Amino acid sequence: MYYPFSWFKNIAKLAALLLLVLMIGAYFDNTLLAWAGFMTALVVTNYWRLFQLNRWLWYSKKMTPPHAKGVLGNIYDGIYYSQRRARNKRKQLGLLIRRFREGSEALPDAVVVVDDQGHIFWCNRLARLELGLKWPEDSGRRLDNLIRHPKFVAFFNAGNFERPVEIPSPTNVDKTFEYRVMPYGENHYLFIARDVTQISQLEQMRKDFVANVSHELRTPLTVLTGYLEMFKGQVDMPPALLSKAHSEMASQATRMQNLVEELLTLSRIEASSERVYEKTVDVPKLLKAIETETLSLNKTKQHTIRFNIDNNLLVLGVETELRSAFSNLIFNAINYTPNGGEIVVDWHNLPDGARFSVRDNGDGIAPEHLNRLTERFYRVDKARSRKTGGSGLGLSIVKHVLSHHNSKLDIASRVSEGSEFSFVFKADMTVNRD
Ligand code: ADP
């Protein structure tokens, strides 16, 4: 705000006052005394106003300055208005900083600002929660003294921030963070830590998957190429050797075929967009067909297999997927139970839905394997599973089918007593035949 100040008016006022004093002095015949008195009054008034100004500036809580006229009044007003302007600017700045902080608090990543010496300048809420920083206690401390992972310390001190690094979280070893650093302003650095646990797990799964598939295919291929090498240039081969080679090559080819088929089934189920609530599956009929298939499989194993089926219990679902789940569990029980075992397949209604179970009295599975059985290619005994033609994908397929049908596999097993694999379809998925 602009306040006009007239020097001329003020000097004229002072001169008029002085003239008046001189005239009064002349009237009383003592101009010197009048002059001295006027000057003293002027000095005292000015001192008094300066004193008031000082008190207002340093001690008063009031915003408005003391009242004064003339030059000092103008000075008071000037100070008042510049103070008010500064206060408004401070308010705006505070508001801006608050908005910025709120914005960075809402970021889905942990953010830490450090200076060129690595001293923490500021950090957001996620940095406190995920990186374990304390605020304001850690303000001014070196970041590499607080995040002590050797990979982070090396990255921090190398000063080459072109590429991000992935490092386990300092507060939770199961989490992985990707650190990115952006220089900004004058020698300040913005550390952004993003939780990439899921991405790195997926990446690891992808790598494991490719490695597993290659490994699974390499073994039968080695056998096949071995025999092919043996045949090279051989015209007459002993019939016994030829027949052994033929049966071995056929079995390895079947193994590869099974593997590829199971991989395709798995990827089809994973990508399946078929709605499970649209078609009714005749489970008793499906189980009857599987029962017929078990007859030939059971010829060498000689198990006693019982099918206790509720013939009226149907479910909503995808038939091909359910067939795959049922047969995998039943064939596993046949394959992994020592000859002459007992297997019971149950399909009946419970108050909370339709329950399917396959129980065997085989060797059982040790508790440490139970949680991992549905992982792709996980096998308790690799050599034995390969002998049965297993690819290690069966239970993984079952898991995906069940998750597509809003159910989950339950495995109960005791070593040397047997195992039970079961699941329940929710009551709203069951259909009665009548
Ligand atoms: P595979 O194709 O090797 O049979 P699965 O995913 O179907 O793979 O099964 C994983 C592993 O679980 C098998 O290798 C086997 O060790 C174990 N398993 C599955 N079913 C049974 C069972 N009924 N009894 C004992 N072990 C079983």
# chains A, B, ... in the order shown; residues from 1 in each chain; ligands from 1
call {"tool": "residues_near_ligand", "arguments": {"ligand": "ligand 1", "cutoff": "7 Å", "atoms": "only C-alpha atoms and all ligand atoms", "output": "ChimeraX atom specification"}}
result
/A:328-329,332-333,336-337,360,362-365,373-374,376-382,385-386,389-396,418-419
call {"tool": "select_by_dssp", "arguments": {"residues": "region 238-415 of chain A", "states": "strand (DSSP E)", "output": "VMD selection string"}}
result
chain A and resid 280 to 281 304 to 309 313 to 316 342 to 350 353 to 360 410 to 414
call {"tool": "write_last_selection", "arguments": {"atoms": "N, CA, C and O atoms", "output": "short mmCIF file (atom, residue, chain, number, x, y, z; two decimals), in the first residue's frame"}}
result
data_model
loop_
_atom_site.label_atom_id
_atom_site.label_comp_id
_atom_site.auth_asym_id
_atom_site.auth_seq_id
_atom_site.Cartn_x
_atom_site.Cartn_y
_atom_site.Cartn_z
N THR A 280 -23.89 -76.25 -15.88
CA THR A 280 -23.95 -77.24 -14.80
C THR A 280 -23.10 -78.44 -15.22
O THR A 280 -23.16 -78.89 -16.37
N VAL A 281 -22.29 -78.91 -14.29
CA VAL A 281 -21.43 -80.06 -14.59
C VAL A 281 -21.99 -81.28 -13.87
O VAL A 281 -22.24 -81.24 -12.65
N THR A 304 -7.54 -101.22 -3.71
CA THR A 304 -8.99 -101.31 -3.58
C THR A 304 -9.49 -99.87 -3.67
O THR A 304 -9.17 -99.04 -2.81
N ILE A 305 -10.24 -99.60 -4.73
CA ILE A 305 -10.70 -98.21 -4.90
C ILE A 305 -12.20 -98.16 -4.74
O ILE A 305 -12.93 -98.89 -5.42
N ARG A 306 -12.68 -97.30 -3.82
CA ARG A 306 -14.14 -97.17 -3.62
C ARG A 306 -14.57 -95.77 -4.02
O ARG A 306 -13.90 -94.78 -3.65
N PHE A 307 -15.67 -95.71 -4.76
CA PHE A 307 -16.24 -94.42 -5.14
C PHE A 307 -17.58 -94.24 -4.42
O PHE A 307 -18.53 -94.93 -4.74
N ASN A 308 -17.61 -93.35 -3.42
CA ASN A 308 -18.88 -93.06 -2.73
C ASN A 308 -19.44 -91.76 -3.31
O ASN A 308 -19.01 -90.67 -2.93
N ILE A 309 -20.36 -91.88 -4.23
CA ILE A 309 -20.80 -90.70 -4.98
C ILE A 309 -22.27 -90.40 -4.73
O ILE A 309 -23.11 -91.32 -4.81
N LEU A 313 -25.88 -84.96 -6.93
CA LEU A 313 -25.16 -83.72 -6.62
C LEU A 313 -24.35 -83.21 -7.82
O LEU A 313 -23.34 -83.79 -8.21
N LEU A 314 -24.84 -82.12 -8.40
CA LEU A 314 -24.15 -81.49 -9.54
C LEU A 314 -23.63 -80.12 -9.10
O LEU A 314 -24.06 -79.59 -8.08
N VAL A 315 -22.73 -79.55 -9.89
CA VAL A 315 -22.24 -78.19 -9.55
C VAL A 315 -22.19 -77.31 -10.80
O VAL A 315 -22.14 -77.81 -11.92
N LEU A 316 -22.14 -76.01 -10.55
CA LEU A 316 -21.91 -75.06 -11.64
C LEU A 316 -20.41 -74.98 -11.85
O LEU A 316 -19.65 -74.92 -10.86
N GLU A 342 -5.49 -98.78 -0.20
CA GLU A 342 -6.94 -98.52 -0.17
C GLU A 342 -7.19 -97.07 -0.48
O GLU A 342 -6.59 -96.18 0.14
N ILE A 343 -8.09 -96.84 -1.46
CA ILE A 343 -8.36 -95.46 -1.86
C ILE A 343 -9.86 -95.24 -1.82
O ILE A 343 -10.63 -96.07 -2.32
N VAL A 344 -10.28 -94.12 -1.20
CA VAL A 344 -11.71 -93.82 -1.13
C VAL A 344 -11.96 -92.45 -1.74
O VAL A 344 -11.34 -91.46 -1.34
N VAL A 345 -12.85 -92.43 -2.73
CA VAL A 345 -13.21 -91.16 -3.37
C VAL A 345 -14.62 -90.81 -2.90
O VAL A 345 -15.51 -91.64 -2.99
N ASP A 346 -14.77 -89.60 -2.37
CA ASP A 346 -16.06 -89.19 -1.80
C ASP A 346 -16.59 -87.95 -2.49
O ASP A 346 -15.83 -87.01 -2.74
N TRP A 347 -17.88 -87.94 -2.76
CA TRP A 347 -18.52 -86.74 -3.33
C TRP A 347 -19.89 -86.64 -2.68
O TRP A 347 -20.79 -87.42 -2.98
N HIS A 348 -20.04 -85.75 -1.74
CA HIS A 348 -21.34 -85.64 -1.08
C HIS A 348 -21.61 -84.23 -0.58
O HIS A 348 -20.68 -83.39 -0.54
N ASN A 349 -22.85 -84.01 -0.20
CA ASN A 349 -23.26 -82.66 0.21
C ASN A 349 -23.07 -82.45 1.71
O ASN A 349 -23.31 -83.35 2.49
N LEU A 350 -22.63 -81.24 2.06
CA LEU A 350 -22.48 -80.86 3.47
C LEU A 350 -23.29 -79.59 3.66
O LEU A 350 -23.67 -78.95 2.67
N GLY A 353 -21.73 -76.81 1.58
CA GLY A 353 -21.48 -77.00 0.15
C GLY A 353 -21.17 -78.44 -0.21
O GLY A 353 -21.31 -79.36 0.62
N ALA A 354 -20.70 -78.64 -1.47
CA ALA A 354 -20.40 -80.00 -1.94
C ALA A 354 -18.93 -80.30 -1.69
O ALA A 354 -18.06 -79.50 -2.06
N ARG A 355 -18.68 -81.44 -1.06
CA ARG A 355 -17.29 -81.77 -0.72
C ARG A 355 -16.81 -82.94 -1.56
O ARG A 355 -17.49 -83.98 -1.66
N PHE A 356 -15.58 -82.75 -2.13
CA PHE A 356 -14.93 -83.84 -2.86
C PHE A 356 -13.68 -84.21 -2.09
O PHE A 356 -12.94 -83.33 -1.62
N SER A 357 -13.44 -85.52 -1.93
CA SER A 357 -12.19 -85.91 -1.26
C SER A 357 -11.66 -87.22 -1.82
O SER A 357 -12.43 -88.06 -2.29
N VAL A 358 -10.33 -87.32 -1.77
CA VAL A 358 -9.66 -88.57 -2.15
C VAL A 358 -8.76 -88.94 -0.99
O VAL A 358 -7.89 -88.15 -0.60
N ARG A 359 -9.03 -90.09 -0.41
CA ARG A 359 -8.24 -90.51 0.75
C ARG A 359 -7.48 -91.78 0.40
O ARG A 359 -8.01 -92.67 -0.27
N ASP A 360 -6.21 -91.83 0.78
CA ASP A 360 -5.45 -93.07 0.54
C ASP A 360 -4.72 -93.47 1.81
O ASP A 360 -4.63 -92.68 2.75
N ASP A 410 -7.44 -78.54 0.15
CA ASP A 410 -7.07 -78.80 1.52
C ASP A 410 -6.28 -80.12 1.53
O ASP A 410 -6.77 -81.12 1.00
N ILE A 411 -5.08 -80.12 2.11
CA ILE A 411 -4.29 -81.36 2.12
C ILE A 411 -4.03 -81.76 3.57
O ILE A 411 -3.46 -80.97 4.34
N ALA A 412 -4.45 -82.96 3.91
CA ALA A 412 -4.17 -83.47 5.26
C ALA A 412 -3.39 -84.76 5.07
O ALA A 412 -3.81 -85.62 4.30
N SER A 413 -2.25 -84.86 5.72
CA SER A 413 -1.44 -86.07 5.50
C SER A 413 -0.61 -86.41 6.73
O SER A 413 -0.18 -85.51 7.46
N ARG A 414 -0.45 -87.69 6.95
CA ARG A 414 0.41 -88.14 8.05
C ARG A 414 1.37 -89.17 7.48
O ARG A 414 0.93 -90.09 6.77
#
call {"tool": "select_by_dssp", "arguments": {"residues": "region 34-238 of chain A", "states": "alpha helix (DSSP H)", "output": "VMD selection string"}}
result
chain A and resid 34 to 58 70 to 105 125 to 131 143 to 146 150 to 158 197 to 231
call {"tool": "residues_around", "arguments": {"residues": "region 164-166 of chain A", "least_positions_apart": "4", "cutoff": "9 Å", "atoms": "only C-alpha atoms", "output": "list in words"}}
result
Lys151, Phe152, Phe155, Thr176, Phe177, Glu178, Tyr179, Arg180, Val181, Val196 and Ser200 of chain A
call {"tool": "write_last_selection", "arguments": {"atoms": "all heavy atoms", "output": "mmCIF file, in the first residue's frame"}}
result
data_model
loop_
_atom_site.group_PDB
_atom_site.id
_atom_site.type_symbol
_atom_site.label_atom_id
_atom_site.label_comp_id
_atom_site.auth_asym_id
_atom_site.auth_seq_id
_atom_site.Cartn_x
_atom_site.Cartn_y
_atom_site.Cartn_z
ATOM 1 N N LYS A 151 24.806 -53.434 0.057
ATOM 2 C CA LYS A 151 24.539 -53.041 -1.329
ATOM 3 C C LYS A 151 24.088 -51.573 -1.385
ATOM 4 O O LYS A 151 24.472 -50.831 -2.288
ATOM 5 C CB LYS A 151 23.439 -53.956 -1.894
ATOM 6 C CG LYS A 151 23.502 -54.113 -3.387
ATOM 7 C CD LYS A 151 22.570 -55.216 -3.832
ATOM 8 C CE LYS A 151 22.179 -55.064 -5.270
ATOM 9 N NZ LYS A 151 21.094 -55.932 -5.660
ATOM 10 N N PHE A 152 23.318 -51.174 -0.376
ATOM 11 C CA PHE A 152 22.849 -49.784 -0.350
ATOM 12 C C PHE A 152 24.018 -48.847 -0.058
ATOM 13 O O PHE A 152 24.173 -47.808 -0.704
ATOM 14 C CB PHE A 152 21.750 -49.614 0.714
ATOM 15 C CG PHE A 152 21.248 -48.198 0.777
ATOM 16 C CD1 PHE A 152 20.295 -47.759 -0.141
ATOM 17 C CD2 PHE A 152 21.751 -47.292 1.692
ATOM 18 C CE1 PHE A 152 19.857 -46.440 -0.128
ATOM 19 C CE2 PHE A 152 21.322 -45.980 1.707
ATOM 20 C CZ PHE A 152 20.365 -45.557 0.798
ATOM 21 N N PHE A 155 26.096 -48.485 -3.131
ATOM 22 C CA PHE A 155 25.368 -47.674 -4.121
ATOM 23 C C PHE A 155 25.409 -46.196 -3.728
ATOM 24 O O PHE A 155 25.683 -45.312 -4.537
ATOM 25 C CB PHE A 155 23.921 -48.190 -4.166
ATOM 26 C CG PHE A 155 22.956 -47.344 -4.935
ATOM 27 C CD1 PHE A 155 23.036 -47.254 -6.315
ATOM 28 C CD2 PHE A 155 21.931 -46.645 -4.289
ATOM 29 C CE1 PHE A 155 22.127 -46.483 -7.045
ATOM 30 C CE2 PHE A 155 21.017 -45.880 -5.004
ATOM 31 C CZ PHE A 155 21.122 -45.802 -6.371
ATOM 32 N N THR A 176 11.258 -56.319 -1.107
ATOM 33 C CA THR A 176 12.382 -55.787 -1.879
ATOM 34 C C THR A 176 12.019 -54.376 -2.335
ATOM 35 O O THR A 176 10.893 -54.141 -2.783
ATOM 36 C CB THR A 176 12.641 -56.663 -3.117
ATOM 37 O OG1 THR A 176 12.792 -57.995 -2.678
ATOM 38 C CG2 THR A 176 13.887 -56.233 -3.866
ATOM 39 N N PHE A 177 12.987 -53.463 -2.189
ATOM 40 C CA PHE A 177 12.767 -52.089 -2.637
ATOM 41 C C PHE A 177 13.691 -51.742 -3.783
ATOM 42 O O PHE A 177 14.837 -52.180 -3.821
ATOM 43 C CB PHE A 177 13.027 -51.101 -1.494
ATOM 44 C CG PHE A 177 11.869 -51.001 -0.554
ATOM 45 C CD1 PHE A 177 11.870 -51.689 0.644
ATOM 46 C CD2 PHE A 177 10.772 -50.249 -0.886
ATOM 47 C CE1 PHE A 177 10.788 -51.624 1.494
ATOM 48 C CE2 PHE A 177 9.684 -50.172 -0.040
ATOM 49 C CZ PHE A 177 9.688 -50.856 1.152
ATOM 50 N N GLU A 178 13.156 -50.933 -4.684
ATOM 51 C CA GLU A 178 14.002 -50.417 -5.757
ATOM 52 C C GLU A 178 14.297 -48.955 -5.415
ATOM 53 O O GLU A 178 13.376 -48.161 -5.212
ATOM 54 C CB GLU A 178 13.239 -50.495 -7.081
ATOM 55 C CG GLU A 178 14.044 -49.984 -8.243
ATOM 56 C CD GLU A 178 13.155 -49.697 -9.446
ATOM 57 O OE1 GLU A 178 12.457 -48.670 -9.424
ATOM 58 O OE2 GLU A 178 13.168 -50.488 -10.383
ATOM 59 N N TYR A 179 15.606 -48.637 -5.309
ATOM 60 C CA TYR A 179 15.996 -47.269 -4.957
ATOM 61 C C TYR A 179 16.389 -46.512 -6.219
ATOM 62 O O TYR A 179 17.205 -46.978 -7.010
ATOM 63 C CB TYR A 179 17.202 -47.267 -4.016
ATOM 64 C CG TYR A 179 16.871 -47.770 -2.631
ATOM 65 C CD1 TYR A 179 16.912 -49.121 -2.325
ATOM 66 C CD2 TYR A 179 16.516 -46.887 -1.618
ATOM 67 C CE1 TYR A 179 16.606 -49.589 -1.057
ATOM 68 C CE2 TYR A 179 16.210 -47.342 -0.344
ATOM 69 C CZ TYR A 179 16.258 -48.692 -0.078
ATOM 70 O OH TYR A 179 15.944 -49.137 1.179
ATOM 71 N N ARG A 180 15.798 -45.332 -6.370
ATOM 72 C CA ARG A 180 16.165 -44.428 -7.462
ATOM 73 C C ARG A 180 16.610 -43.135 -6.837
ATOM 74 O O ARG A 180 16.043 -42.714 -5.820
ATOM 75 C CB ARG A 180 14.928 -44.090 -8.295
ATOM 76 C CG ARG A 180 14.716 -44.985 -9.434
ATOM 77 C CD ARG A 180 13.432 -44.653 -10.147
ATOM 78 N NE ARG A 180 13.094 -45.763 -10.997
ATOM 79 C CZ ARG A 180 13.660 -45.968 -12.175
ATOM 80 N NH1 ARG A 180 14.521 -45.094 -12.653
ATOM 81 N NH2 ARG A 180 13.360 -47.022 -12.893
ATOM 82 N N VAL A 181 17.611 -42.497 -7.441
ATOM 83 C CA VAL A 181 18.075 -41.223 -6.885
ATOM 84 C C VAL A 181 18.026 -40.157 -7.962
ATOM 85 O O VAL A 181 18.489 -40.361 -9.074
ATOM 86 C CB VAL A 181 19.520 -41.357 -6.348
ATOM 87 C CG1 VAL A 181 19.964 -40.058 -5.705
ATOM 88 C CG2 VAL A 181 19.584 -42.470 -5.336
ATOM 89 N N VAL A 196 9.016 -53.265 -4.765
ATOM 90 C CA VAL A 196 8.922 -54.060 -6.002
ATOM 91 C C VAL A 196 8.897 -55.554 -5.679
ATOM 92 O O VAL A 196 9.249 -56.376 -6.513
ATOM 93 C CB VAL A 196 10.084 -53.739 -6.974
ATOM 94 C CG1 VAL A 196 9.958 -52.354 -7.542
ATOM 95 C CG2 VAL A 196 11.431 -53.928 -6.299
ATOM 96 N N SER A 200 9.534 -58.446 -8.336
ATOM 97 C CA SER A 200 10.741 -59.277 -8.305
ATOM 98 C C SER A 200 10.382 -60.746 -8.069
ATOM 99 O O SER A 200 11.049 -61.638 -8.578
ATOM 100 C CB SER A 200 11.771 -58.759 -7.303
ATOM 101 O OG SER A 200 11.329 -58.960 -6.023
#
call {"tool": "atom_distance", "arguments": {"atom1": "CA of Arg98 (chain A)", "atom2": "CA of Ala86 (chain A)"}}
result
17.9 Å
call {"tool": "closest_residue", "arguments": {"among": "A:Leu57, A:Leu259, A:Met230, A:Val235", "to": "Leu217 (chain A)", "atoms": "only C-alpha atoms"}}
result
A:Leu259
call {"tool": "residues_around", "arguments": {"residues": "region 34-48 of chain A", "least_positions_apart": "6", "cutoff": "10 Å", "atoms": "only C-alpha atoms", "output": "PDB file with N, CA and C atoms, in the first residue's frame"}}
result
ATOM      1  N   LEU A  17       5.690  26.245  13.258  1.00  0.00           N
ATOM      2  CA  LEU A  17       5.739  26.025  14.715  1.00  0.00           C
ATOM      3  C   LEU A  17       6.909  26.795  15.315  1.00  0.00           C
ATOM      4  N   LEU A  18       8.054  26.695  14.594  1.00  0.00           N
ATOM      5  CA  LEU A  18       9.266  27.395  15.051  1.00  0.00           C
ATOM      6  C   LEU A  18       9.045  28.903  15.054  1.00  0.00           C
ATOM      7  N   LEU A  19       8.381  29.376  14.025  1.00  0.00           N
ATOM      8  CA  LEU A  19       8.093  30.813  13.911  1.00  0.00           C
ATOM      9  C   LEU A  19       7.216  31.265  15.068  1.00  0.00           C
ATOM     10  N   LEU A  20       6.231  30.437  15.409  1.00  0.00           N
ATOM     11  CA  LEU A  20       5.313  30.733  16.504  1.00  0.00           C
ATOM     12  C   LEU A  20       6.068  30.833  17.826  1.00  0.00           C
ATOM     13  N   VAL A  21       6.979  29.843  18.014  1.00  0.00           N
ATOM     14  CA  VAL A  21       7.786  29.820  19.249  1.00  0.00           C
ATOM     15  C   VAL A  21       8.648  31.086  19.320  1.00  0.00           C
ATOM     16  N   LEU A  22       9.272  31.459  18.184  1.00  0.00           N
ATOM     17  CA  LEU A  22      10.139  32.637  18.151  1.00  0.00           C
ATOM     18  C   LEU A  22       9.320  33.908  18.440  1.00  0.00           C
ATOM     19  N   MET A  23       8.107  33.881  17.903  1.00  0.00           N
ATOM     20  CA  MET A  23       7.244  35.062  18.134  1.00  0.00           C
ATOM     21  C   MET A  23       6.873  35.164  19.608  1.00  0.00           C
ATOM     22  N   ILE A  24       6.532  33.987  20.217  1.00  0.00           N
ATOM     23  CA  ILE A  24       6.194  33.983  21.652  1.00  0.00           C
ATOM     24  C   ILE A  24       7.418  34.451  22.447  1.00  0.00           C
ATOM     25  N   GLY A  25       8.636  33.948  22.017  1.00  0.00           N
ATOM     26  CA  GLY A  25       9.890  34.348  22.688  1.00  0.00           C
ATOM     27  C   GLY A  25      10.107  35.847  22.570  1.00  0.00           C
ATOM     28  N   ALA A  26       9.835  36.399  21.416  1.00  0.00           N
ATOM     29  CA  ALA A  26      10.028  37.830  21.187  1.00  0.00           C
ATOM     30  C   ALA A  26       9.031  38.613  22.039  1.00  0.00           C
ATOM     31  N   PHE A  28       7.807  37.723  24.902  1.00  0.00           N
ATOM     32  CA  PHE A  28       8.263  37.717  26.318  1.00  0.00           C
ATOM     33  C   PHE A  28       9.709  38.172  26.444  1.00  0.00           C
ATOM     34  N   ASN A  54      10.182   1.088  19.763  1.00  0.00           N
ATOM     35  CA  ASN A  54      11.040  -0.010  20.206  1.00  0.00           C
ATOM     36  C   ASN A  54      10.238  -1.039  21.011  1.00  0.00           C
ATOM     37  N   LEU A  72       7.374  10.150  11.968  1.00  0.00           N
ATOM     38  CA  LEU A  72       7.397   8.896  12.727  1.00  0.00           C
ATOM     39  C   LEU A  72       6.138   8.070  12.487  1.00  0.00           C
TER      40      LEU A  72
END
